[in-house]
>>> print(open('entry_14.pdb').read())   # PDB, C-alpha atoms and all ligand atoms
ATOM      1  CA  MET A 404       7.527 101.175 104.020
ATOM      2  CA  LYS A 405       9.097 104.424 105.054
ATOM      3  CA  GLN A 406      12.875 104.282 105.123
ATOM      4  CA  SER A 407      15.656 106.748 105.635
ATOM      5  CA  SER A 408      18.347 106.628 102.986
ATOM      6  CA  ASP A 409      21.092 105.340 105.299
ATOM      7  CA  LEU A 410      19.283 102.099 105.897
ATOM      8  CA  SER A 411      17.925 101.647 102.413
ATOM      9  CA  LYS A 412      19.997  98.491 102.049
ATOM     10  CA  LYS A 413      18.180  96.958 104.982
ATOM     11  CA  PRO A 414      14.551  96.700 103.996
ATOM     12  CA  GLY A 415      12.308  96.374 106.975
ATOM     13  CA  ILE A 416      13.963  98.668 109.495
ATOM     14  CA  ASP A 417      11.812 101.734 109.800
ATOM     15  CA  ILE A 418      14.170 104.370 111.144
ATOM     16  CA  GLU A 419      11.518 107.041 111.602
ATOM     17  CA  ALA A 420       9.310 104.692 113.595
ATOM     18  CA  LEU A 421      12.375 103.549 115.523
ATOM     19  CA  LEU A 422      13.276 107.071 116.529
ATOM     20  CA  LYS A 423       9.709 107.711 117.692
ATOM     21  CA  GLY A 424      10.155 104.831 120.108
ATOM     22  CA  ASP A 425       8.005 102.339 118.185
ATOM     23  CA  GLN A 426       8.596  98.996 119.931
ATOM     24  CA  ARG A 427       7.907  96.852 116.877
ATOM     25  CA  ALA A 428      10.510  98.720 114.867
ATOM     26  CA  PHE A 429      13.001  98.327 117.690
ATOM     27  CA  GLU A 430      12.297  94.587 117.934
ATOM     28  CA  HIS A 431      12.964  94.380 114.239
ATOM     29  CA  LEU A 432      16.325  96.061 114.766
ATOM     30  CA  VAL A 433      17.208  93.569 117.509
ATOM     31  CA  VAL A 434      16.307  90.635 115.276
ATOM     32  CA  SER A 435      18.275  91.868 112.279
ATOM     33  CA  GLU A 436      21.389  93.270 114.008
ATOM     34  CA  SER A 437      21.935  90.907 116.934
ATOM     35  CA  PRO A 438      24.007  88.234 115.165
ATOM     36  CA  ARG A 439      26.485  90.591 113.520
ATOM     37  CA  LEU A 440      26.839  92.816 116.562
ATOM     38  CA  PHE A 441      27.197  89.786 118.827
ATOM     39  CA  ARG A 442      30.102  88.532 116.717
ATOM     40  CA  VAL A 443      32.011  91.803 117.134
ATOM     41  CA  ILE A 444      31.384  91.935 120.893
ATOM     42  CA  MET A 445      32.281  88.267 121.268
ATOM     43  CA  ARG A 446      35.581  88.756 119.433
ATOM     44  CA  ILE A 447      36.485  91.627 121.739
ATOM     45  CA  LEU A 448      35.561  89.691 124.900
ATOM     46  CA  ASN A 449      36.233  86.021 124.091
ATOM     47  CA  ASP A 450      33.523  85.193 126.624
ATOM     48  CA  GLU A 451      30.099  84.108 125.433
ATOM     49  CA  ALA A 452      28.101  84.816 128.589
ATOM     50  CA  GLU A 453      29.601  88.285 129.030
ATOM     51  CA  ALA A 454      29.183  89.022 125.323
ATOM     52  CA  GLU A 455      25.471  88.283 125.630
ATOM     53  CA  ASN A 456      25.163  90.614 128.639
ATOM     54  CA  VAL A 457      26.945  93.353 126.729
ATOM     55  CA  LEU A 458      24.726  92.830 123.669
ATOM     56  CA  GLN A 459      21.597  93.197 125.779
ATOM     57  CA  GLU A 460      22.951  96.269 127.557
ATOM     58  CA  THR A 461      23.848  97.764 124.157
ATOM     59  CA  PHE A 462      20.291  97.540 122.875
ATOM     60  CA  LEU A 463      18.938  98.872 126.169
ATOM     61  CA  GLN A 464      21.263 101.893 126.088
ATOM     62  CA  ALA A 465      20.413 102.456 122.427
ATOM     63  CA  TYR A 466      16.693 102.372 123.164
ATOM     64  CA  LEU A 467      16.950 104.693 126.141
ATOM     65  CA  GLY A 468      19.267 107.019 124.242
ATOM     66  CA  LEU A 469      17.406 107.159 120.926
ATOM     67  CA  ASP A 470      17.054 110.938 121.225
ATOM     68  CA  THR A 471      20.860 111.309 121.286
ATOM     69  CA  PHE A 472      21.223 109.715 117.839
ATOM     70  CA  ARG A 473      22.450 112.303 115.326
ATOM     71  CA  LYS A 474      21.390 111.539 111.809
ATOM     72  CA  GLU A 475      24.762 112.324 110.228
ATOM     73  CA  SER A 476      25.913 108.774 110.913
ATOM     74  CA  LYS A 477      24.233 105.507 110.016
ATOM     75  CA  PHE A 478      21.981 104.205 112.728
ATOM     76  CA  THR A 479      23.722 100.845 112.786
ATOM     77  CA  THR A 480      27.135 102.531 113.128
ATOM     78  CA  TRP A 481      25.824 104.438 116.144
ATOM     79  CA  LEU A 482      24.512 101.192 117.612
ATOM     80  CA  TYR A 483      27.866  99.446 117.040
ATOM     81  CA  ALA A 484      29.735 102.328 118.653
ATOM     82  CA  ILE A 485      27.700 101.780 121.832
ATOM     83  CA  GLY A 486      28.341  98.023 121.724
ATOM     84  CA  ILE A 487      32.076  98.376 121.093
ATOM     85  CA  ASN A 488      32.481 100.894 123.923
ATOM     86  CA  LEU A 489      30.648  98.652 126.376
ATOM     87  CA  ALA A 490      32.603  95.600 125.241
ATOM     88  CA  ARG A 491      35.949  97.364 125.584
ATOM     89  CA  ALA A 492      35.025  98.696 129.025
ATOM     90  CA  SER A 493      34.105  95.184 130.130
ATOM     91  CA  PHE A 494      37.285  93.783 128.578
ATOM     92  CA  ARG A 495      39.411  96.307 130.470
ATOM     93  CA  LYS A 496      37.687  95.403 133.734
ATOM     94  CA  SER A 497      38.462  91.722 133.311
ATOM     95  CA  LYS A 498      41.797  90.844 134.915
ATOM     96  CA  ARG A 499      43.242  90.122 131.465
ATOM     97  CA  LEU A 500      45.859  92.598 130.340
ATOM     98  CA  SER A 501      47.322  92.881 126.858
ATOM     99  CA  SER A 502      50.888  91.719 127.018
ATOM    100  CA  LEU A 503      52.185  94.240 124.487
ATOM    101  CA  ASP A 504      52.412  98.018 124.706
ATOM    102  CA  GLU A 505      53.036 100.825 122.240
ATOM    103  CA  HIS A 506      56.826 100.377 122.468
ATOM    104  CA  ASP A 507      56.534  96.705 121.583
ATOM    105  CA  ILE A 508      54.427  97.633 118.546
ATOM    106  CA  ASP A 509      57.116 100.156 117.524
ATOM    107  CA  ARG A 510      59.780  97.531 117.894
ATOM    108  CA  MET A 511      57.830  95.121 115.674
ATOM    109  CA  GLN A 512      57.697  97.516 112.711
ATOM    110  CA  PRO A 513      60.170  96.937 109.878
ATOM    111  CA  THR A 514      63.224  99.197 109.928
ATOM    112  CA  PHE A 515      64.745 101.133 107.062
ATOM    113  CA  SER A 516      68.031 102.718 106.272
ATOM    114  CA  ARG A 517      68.067 105.441 103.597
ATOM    115  CA  GLY A 518      64.641 104.321 102.515
ATOM    116  CA  MET A 519      65.607 100.669 102.063
ATOM    117  CA  PHE A 520      64.682  97.693 104.243
ATOM    118  CA  SER A 521      67.433  97.011 106.743
ATOM    119  CA  GLN A 522      66.353  93.384 107.098
ATOM    120  CA  THR A 523      65.606  90.691 104.552
ATOM    121  CA  PHE A 524      62.483  88.573 104.581
ATOM    122  CA  GLU A 525      62.652  84.924 103.704
ATOM    123  CA  GLN A 526      59.724  83.230 102.083
ATOM    124  CA  TRP A 527      57.229  81.770 104.520
ATOM    125  CA  ASN A 528      56.618  78.110 104.438
ATOM    126  CA  PRO A 529      52.910  77.560 105.004
ATOM    127  CA  GLN A 530      53.556  73.829 105.451
ATOM    128  CA  GLN A 531      54.904  74.710 108.889
ATOM    129  CA  LEU A 532      51.349  75.159 110.055
ATOM    130  CA  ALA A 533      49.361  73.295 107.467
ATOM    131  CA  GLU A 534      46.577  72.423 109.865
ATOM    132  CA  LYS A 535      44.023  75.211 109.636
ATOM    133  CA  SER A 536      42.832  74.923 113.239
ATOM    134  CA  GLU A 537      46.414  75.151 114.479
ATOM    135  CA  ARG A 538      47.030  78.207 112.313
ATOM    136  CA  GLN A 539      43.849  79.810 113.623
ATOM    137  CA  ARG A 540      44.987  79.235 117.195
ATOM    138  CA  VAL A 541      48.428  80.743 116.616
ATOM    139  CA  VAL A 542      46.953  83.787 114.871
ATOM    140  CA  HIS A 543      44.271  84.178 117.544
ATOM    141  CA  ASP A 544      46.913  84.182 120.290
ATOM    142  CA  ALA A 545      48.912  86.798 118.395
ATOM    143  CA  ILE A 546      45.873  89.061 117.959
ATOM    144  CA  ASP A 547      45.107  88.710 121.663
ATOM    145  CA  GLN A 548      48.505  90.104 122.550
ATOM    146  CA  LEU A 549      47.913  93.352 120.691
ATOM    147  CA  PRO A 550      47.135  96.474 122.714
ATOM    148  CA  ASP A 551      43.378  97.088 122.919
ATOM    149  CA  ASP A 552      43.260  99.933 120.331
ATOM    150  CA  TYR A 553      45.050  97.837 117.732
ATOM    151  CA  ARG A 554      43.162  94.670 118.490
ATOM    152  CA  THR A 555      39.791  96.389 118.081
ATOM    153  CA  VAL A 556      40.721  97.742 114.638
ATOM    154  CA  VAL A 557      41.978  94.320 113.489
ATOM    155  CA  ILE A 558      38.742  92.677 114.650
ATOM    156  CA  LEU A 559      36.544  95.243 112.930
ATOM    157  CA  ARG A 560      38.498  95.616 109.667
ATOM    158  CA  ASP A 561      40.315  92.365 108.968
ATOM    159  CA  ILE A 562      38.031  89.826 110.675
ATOM    160  CA  GLU A 563      34.522  91.260 110.577
ATOM    161  CA  GLU A 564      35.299  93.252 107.426
ATOM    162  CA  HIS A 565      33.583  96.516 108.213
ATOM    163  CA  SER A 566      34.657  99.402 105.964
ATOM    164  CA  THR A 567      37.302 101.911 107.051
ATOM    165  CA  ASP A 568      34.648 104.606 106.962
ATOM    166  CA  ASP A 569      32.284 102.675 109.236
ATOM    167  CA  VAL A 570      35.097 101.752 111.621
ATOM    168  CA  SER A 571      36.189 105.373 111.833
ATOM    169  CA  LYS A 572      32.662 106.344 112.900
ATOM    170  CA  MET A 573      32.302 103.406 115.288
ATOM    171  CA  LEU A 574      35.545 104.333 117.060
ATOM    172  CA  ASP A 575      35.207 108.100 116.605
ATOM    173  CA  ILE A 576      38.661 108.449 115.018
ATOM    174  CA  SER A 577      39.644 109.581 111.513
ATOM    175  CA  GLY A 578      39.902 107.189 108.563
ATOM    176  CA  GLY A 579      43.620 107.943 108.471
ATOM    177  CA  ALA A 580      43.964 106.903 112.099
ATOM    178  CA  VAL A 581      42.100 103.652 111.372
ATOM    179  CA  ARG A 582      44.537 102.871 108.539
ATOM    180  CA  VAL A 583      47.632 103.721 110.570
ATOM    181  CA  ARG A 584      46.493 101.514 113.453
ATOM    182  CA  LEU A 585      45.544  98.695 111.129
ATOM    183  CA  HIS A 586      48.857  98.908 109.285
ATOM    184  CA  ARG A 587      50.913  98.947 112.488
ATOM    185  CA  ALA A 588      48.874  96.064 113.881
ATOM    186  CA  ARG A 589      49.342  93.987 110.714
ATOM    187  CA  GLN A 590      53.079  94.625 110.787
ATOM    188  CA  ALA A 591      53.270  93.632 114.455
ATOM    189  CA  LEU A 592      51.268  90.468 113.726
ATOM    190  CA  ARG A 593      53.542  89.677 110.795
ATOM    191  CA  SER A 594      56.497  89.952 113.111
ATOM    192  CA  MET A 595      54.851  87.685 115.719
ATOM    193  CA  LEU A 596      53.896  85.089 113.116
ATOM    194  CA  GLU A 597      57.321  85.079 111.521
ATOM    195  CA  THR A 598      58.750  82.561 113.997
ATOM    196  CA  HIS A 599      55.990  80.092 113.129
ATOM    197  CA  PHE A 600      56.283  80.251 109.377
ATOM    198  CA  ARG A 601      59.966  80.542 108.765
ATOM    199  CA  ASP A 602      61.550  77.519 107.184
TER     200      ASP A 602
ATOM    201  CA  MET B 858      44.668 120.137 100.670
ATOM    202  CA  ASN B 859      45.108 116.412 100.671
ATOM    203  CA  PRO B 860      47.889 115.626 103.178
ATOM    204  CA  LEU B 861      48.913 112.608 101.106
ATOM    205  CA  LYS B 862      50.015 114.981  98.342
ATOM    206  CA  LEU B 863      52.657 116.532 100.593
ATOM    207  CA  VAL B 864      54.084 113.148 101.331
ATOM    208  CA  PHE B 865      54.042 111.948  97.765
ATOM    209  CA  ARG B 866      55.475 115.031  96.108
ATOM    210  CA  PRO B 867      59.114 114.249  97.009
ATOM    211  CA  PHE B 868      59.227 110.950  95.180
ATOM    212  CA  MET B 869      58.895 112.116  91.618
ATOM    213  CA  ARG B 870      61.657 109.670  90.725
ATOM    214  CA  GLY B 871      59.731 106.890  92.339
ATOM    215  CA  PRO B 872      58.958 105.896  95.918
ATOM    216  CA  SER B 873      61.476 104.200  98.218
ATOM    217  CA  CYS B 874      60.767 100.917 100.016
ATOM    218  CA  GLU B 875      59.961 102.968 103.115
ATOM    219  CA  ASP B 876      57.479 105.145 101.188
ATOM    220  CA  VAL B 877      55.786 102.060  99.807
ATOM    221  CA  ASN B 878      55.722 100.410 103.209
ATOM    222  CA  ARG B 879      54.110 103.407 104.889
ATOM    223  CA  PHE B 880      51.118 103.221 102.568
ATOM    224  CA  LEU B 881      50.706  99.460 102.121
ATOM    225  CA  CYS B 882      47.332  99.573 103.834
ATOM    226  CA  GLU B 883      46.050 102.240 101.425
ATOM    227  CA  TYR B 884      47.625 100.337  98.535
ATOM    228  CA  MET B 885      45.793  97.125  99.428
ATOM    229  CA  GLU B 886      42.577  98.993 100.060
ATOM    230  CA  GLY B 887      42.822 100.708  96.669
ATOM    231  CA  THR B 888      42.519 104.209  98.126
ATOM    232  CA  LEU B 889      45.747 105.720  96.746
ATOM    233  CA  PRO B 890      45.546 108.379  94.044
ATOM    234  CA  GLU B 891      45.900 106.684  90.654
ATOM    235  CA  LYS B 892      49.349 108.120  89.796
ATOM    236  CA  THR B 893      50.763 107.125  93.150
ATOM    237  CA  ARG B 894      49.262 103.692  92.838
ATOM    238  CA  ALA B 895      50.991 103.190  89.483
ATOM    239  CA  LYS B 896      54.360 104.238  90.969
ATOM    240  CA  PHE B 897      53.889 101.888  93.899
ATOM    241  CA  GLN B 898      52.957  99.074  91.559
ATOM    242  CA  ALA B 899      56.075  99.647  89.464
ATOM    243  CA  HIS B 900      58.243  99.590  92.595
ATOM    244  CA  LEU B 901      56.490  96.515  93.987
ATOM    245  CA  SER B 902      57.008  94.526  90.824
ATOM    246  CA  ASN B 903      60.739  95.257  90.678
ATOM    247  CA  CYS B 904      62.005  95.340  94.244
ATOM    248  CA  SER B 905      62.654  91.893  95.712
ATOM    249  CA  ALA B 906      62.744  93.181  99.312
ATOM    250  CA  CYS B 907      59.315  94.772  98.933
ATOM    251  CA  ILE B 908      57.958  91.736  97.100
ATOM    252  CA  SER B 909      58.874  89.347  99.894
ATOM    253  CA  TYR B 910      57.728  91.742 102.594
ATOM    254  CA  PHE B 911      54.400  92.355 100.854
ATOM    255  CA  GLU B 912      53.880  88.582 100.455
ATOM    256  CA  GLN B 913      54.193  88.168 104.220
ATOM    257  CA  TYR B 914      52.005  91.186 104.900
ATOM    258  CA  LYS B 915      49.254  89.814 102.657
ATOM    259  CA  ALA B 916      49.607  86.314 104.136
ATOM    260  CA  THR B 917      49.187  87.854 107.604
ATOM    261  CA  VAL B 918      45.987  89.621 106.580
ATOM    262  CA  GLU B 919      44.663  86.411 104.998
ATOM    263  CA  MET B 920      45.386  84.371 108.104
ATOM    264  CA  VAL B 921      43.752  86.964 110.341
ATOM    265  CA  ASN B 922      40.746  86.857 108.035
ATOM    266  CA  GLU B 923      40.373  83.083 108.396
ATOM    267  CA  GLN B 924      39.652  83.275 112.134
ATOM    268  CA  LYS B 925      37.048  80.773 113.282
ATOM    269  CA  ALA B 926      33.416  81.694 112.794
ATOM    270  CA  ILE B 927      31.589  82.810 115.930
ATOM    271  CA  SER B 928      28.515  80.723 116.610
ATOM    272  CA  ILE B 929      25.433  82.551 117.765
ATOM    273  CA  PRO B 930      23.959  81.102 120.985
ATOM    274  CA  ASP B 931      20.505  79.533 120.667
ATOM    275  CA  GLN B 932      17.679  81.889 121.541
ATOM    276  CA  LEU B 933      20.024  84.892 121.714
ATOM    277  CA  VAL B 934      17.483  87.186 120.071
ATOM    278  CA  GLU B 935      14.571  85.900 122.169
ATOM    279  CA  ARG B 936      16.491  86.404 125.417
ATOM    280  CA  THR B 937      17.564  89.884 124.313
ATOM    281  CA  LEU B 938      13.970  90.854 123.540
ATOM    282  CA  ASP B 939      12.825  89.505 126.933
ATOM    283  CA  PHE B 940      15.586  91.462 128.651
ATOM    284  CA  LEU B 941      14.535  94.630 126.869
ATOM    285  CA  LYS B 942      10.858  94.189 127.714
ATOM    286  CA  ALA B 943      11.670  93.678 131.375
ATOM    287  CA  ASN B 944      14.056  96.638 131.576
ATOM    288  CA  ILE B 945      12.326  99.162 129.389
ATOM    289  CA  HIS B 946       9.109  98.847 131.361
ATOM    290  CA  ARG B 947      11.017  99.351 134.552
ATOM    291  CA  ASN B 948      12.490 102.596 133.252
TER     292      ASN B 948
HETATM  293 ZN    ZN C   1      61.346  98.205  97.746
END
>>> encode(input="entry_14.pdb", output="structure tokens")
Amino acid sequence: MKQSSDLSKKPGIDIEALLKGDQRAFEHLVVSESPRLFRVIMRILNDEAEAENVLQETFLQAYLGLDTFRKESKFTTWLYAIGINLARASFRKSKRLSSLDEHDIDRMQPTFSRGMFSQTFEQWNPQQLAEKSERQRVVHDAIDQLPDDYRTVVILRDIEEHSTDDVSKMLDISGGAVRVRLHRARQALRSMLETHFRD
Amino acid sequence: MNPLKLVFRPFMRGPSCEDVNRFLCEYMEGTLPEKTRAKFQAHLSNCSACISYFEQYKATVEMVNEQKAISIPDQLVERTLDFLKANIHRN
């Protein structure tokens, strides 16, 4: 089967046929990418019905916009970029607002004086939240408080484990910007979790 | 020129806690230049403040990573294909 190099790891998706508007090839794409893409959209929205709507709209926009795909990025990355944009737009429209802003994130970064930590960090006691489901809930609530830009990077990098390079293309920002956001988000999360794990 | 080089040049004597902290993400990801990585590693194995901070940082990443799996709704793919058939023909 004919394949372009960027999808060589995914046997079965015929990119050339896809770009010519071949319906079978597009169906194949839907079958193979739906679960993974749904997970990302669902994590952004926390709403199963809306996540399904967004997934469907993503594939529709991708199909109708096939001629706007530029081959310098992976096809799947392009598809994810559409899905993430739609999911974030829908998330912003929902009444839910992130409770933290950029200043809060600043405030949650560690501070230094002459290059040395100006605070000390006691060892965390994981026994405090030994129950995994309880831990997951606490961490989930903390992630949900992050500003949208930070939350999206955490979902893509640290939960769904996409590469920095892929995330940078999905979000149309540099790899450096992905790392800075991820780092600041992790440090803010650490600060939020501290109260739960301190002895 | 690699912008990281400009930042790293000043710490010939070894990075400070703040230097190490700024690049923890790159350090964990393994994307630091080899020489810098070695300097960071030396600092991180000797500095108790950085050791305890890095422990918490890693624990945070691990806990974020253990978020509950998302279950895929039954018939998600079938419904998506039906939706596409209906809407593509309309267009
Ligand atoms: Zn240190």
>>> interface_residues(input="entry_14.pdb", of="chain A", to="chain B", cutoff="6 Å", atoms="all atoms listed in the file", output="ChimeraX atom specification")
/A:442,459,518-519,524,539,561-562,586,593
>>> resolve_selection(input="entry_14.pdb", expression="the PyMOL selection byres (((chain A and resi 576-583) around 9) and not hetatm)", output="MDAnalysis selection string")
(chainID A and resid 556 560 567:575 584:588) or (chainID B and resid 879:880 882:883)
>>> closest_atom_pairs(input="entry_14.pdb", of="chain A", to="ligand ZN 1 (chain C)", cutoff="12 Å", atoms="all atoms listed in the file", output="JSON lines")
{"residue": "A:Phe515", "atom": "CA", "partner": "C:ZN1", "partner_atom": "ZN", "distance": 10.3}
{"residue": "A:Ser516", "atom": "CA", "partner": "C:ZN1", "partner_atom": "ZN", "distance": 11.7}
{"residue": "A:Arg517", "atom": "CA", "partner": "C:ZN1", "partner_atom": "ZN", "distance": 11.5}
{"residue": "A:Gly518", "atom": "CA", "partner": "C:ZN1", "partner_atom": "ZN", "distance": 8.4}
{"residue": "A:Met519", "atom": "CA", "partner": "C:ZN1", "partner_atom": "ZN", "distance": 6.5}
{"residue": "A:Phe520", "atom": "CA", "partner": "C:ZN1", "partner_atom": "ZN", "distance": 7.3}
{"residue": "A:Ser521", "atom": "CA", "partner": "C:ZN1", "partner_atom": "ZN", "distance": 10.9}
{"residue": "A:Gln522", "atom": "CA", "partner": "C:ZN1", "partner_atom": "ZN", "distance": 11.7}
{"residue": "A:Thr523", "atom": "CA", "partner": "C:ZN1", "partner_atom": "ZN", "distance": 11.0}
{"residue": "A:Phe524", "atom": "CA", "partner": "C:ZN1", "partner_atom": "ZN", "distance": 11.9}
>>> atom_distance(input="entry_14.pdb", atom1="atom CA of A:Val433", atom2="atom CA of A:Arg554")
26.0 Å
>>> atom_distance(input="entry_14.pdb", atom1="atom CA of A:Leu469", atom2="atom CA of B:Ala943")
18.0 Å
>>> resolve_selection(input="entry_14.pdb", expression="the PyMOL selection byres (((chain A and resi 503) around 10) and not hetatm)", output="PDB file with C-alpha atoms, in the coordinates of the input")
ATOM      1  CA  LEU A 500      45.859  92.598 130.340  1.00  0.00           C
ATOM      2  CA  SER A 501      47.322  92.881 126.858  1.00  0.00           C
ATOM      3  CA  SER A 502      50.888  91.719 127.018  1.00  0.00           C
ATOM      4  CA  ASP A 504      52.412  98.018 124.706  1.00  0.00           C
ATOM      5  CA  GLU A 505      53.036 100.825 122.240  1.00  0.00           C
ATOM      6  CA  HIS A 506      56.826 100.377 122.468  1.00  0.00           C
ATOM      7  CA  ASP A 507      56.534  96.705 121.583  1.00  0.00           C
ATOM      8  CA  ILE A 508      54.427  97.633 118.546  1.00  0.00           C
ATOM      9  CA  ASP A 547      45.107  88.710 121.663  1.00  0.00           C
ATOM     10  CA  GLN A 548      48.505  90.104 122.550  1.00  0.00           C
ATOM     11  CA  LEU A 549      47.913  93.352 120.691  1.00  0.00           C
ATOM     12  CA  PRO A 550      47.135  96.474 122.714  1.00  0.00           C
ATOM     13  CA  ASP A 551      43.378  97.088 122.919  1.00  0.00           C
TER      14      ASP A 551
END
>>> resolve_selection(input="entry_14.pdb", expression="the PyMOL selection byres (((chain A and resi 443-445) around 8) and not hetatm)", output="PyMOL selection string")
(chain A and resi 439-442+446-451+454+457-458+486-487+490+558-559+563) or (chain B and resi 927)
>>> write_last_selection(input="entry_14.pdb", atoms="C-alpha atoms", output="PDB file, in the frame of the given file")
ATOM      1  CA  ARG A 439      26.485  90.591 113.520  1.00  0.00           C
ATOM      2  CA  LEU A 440      26.839  92.816 116.562  1.00  0.00           C
ATOM      3  CA  PHE A 441      27.197  89.786 118.827  1.00  0.00           C
ATOM      4  CA  ARG A 442      30.102  88.532 116.717  1.00  0.00           C
ATOM      5  CA  ARG A 446      35.581  88.756 119.433  1.00  0.00           C
ATOM      6  CA  ILE A 447      36.485  91.627 121.739  1.00  0.00           C
ATOM      7  CA  LEU A 448      35.561  89.691 124.900  1.00  0.00           C
ATOM      8  CA  ASN A 449      36.233  86.021 124.091  1.00  0.00           C
ATOM      9  CA  ASP A 450      33.523  85.193 126.624  1.00  0.00           C
ATOM     10  CA  GLU A 451      30.099  84.108 125.433  1.00  0.00           C
ATOM     11  CA  ALA A 454      29.183  89.022 125.323  1.00  0.00           C
ATOM     12  CA  VAL A 457      26.945  93.353 126.729  1.00  0.00           C
ATOM     13  CA  LEU A 458      24.726  92.830 123.669  1.00  0.00           C
ATOM     14  CA  GLY A 486      28.341  98.023 121.724  1.00  0.00           C
ATOM     15  CA  ILE A 487      32.076  98.376 121.093  1.00  0.00           C
ATOM     16  CA  ALA A 490      32.603  95.600 125.241  1.00  0.00           C
ATOM     17  CA  ILE A 558      38.742  92.677 114.650  1.00  0.00           C
ATOM     18  CA  LEU A 559      36.544  95.243 112.930  1.00  0.00           C
ATOM     19  CA  GLU A 563      34.522  91.260 110.577  1.00  0.00           C
TER      20      GLU A 563
ATOM     21  CA  ILE B 927      31.589  82.810 115.930  1.00  0.00           C
TER      22      ILE B 927
END
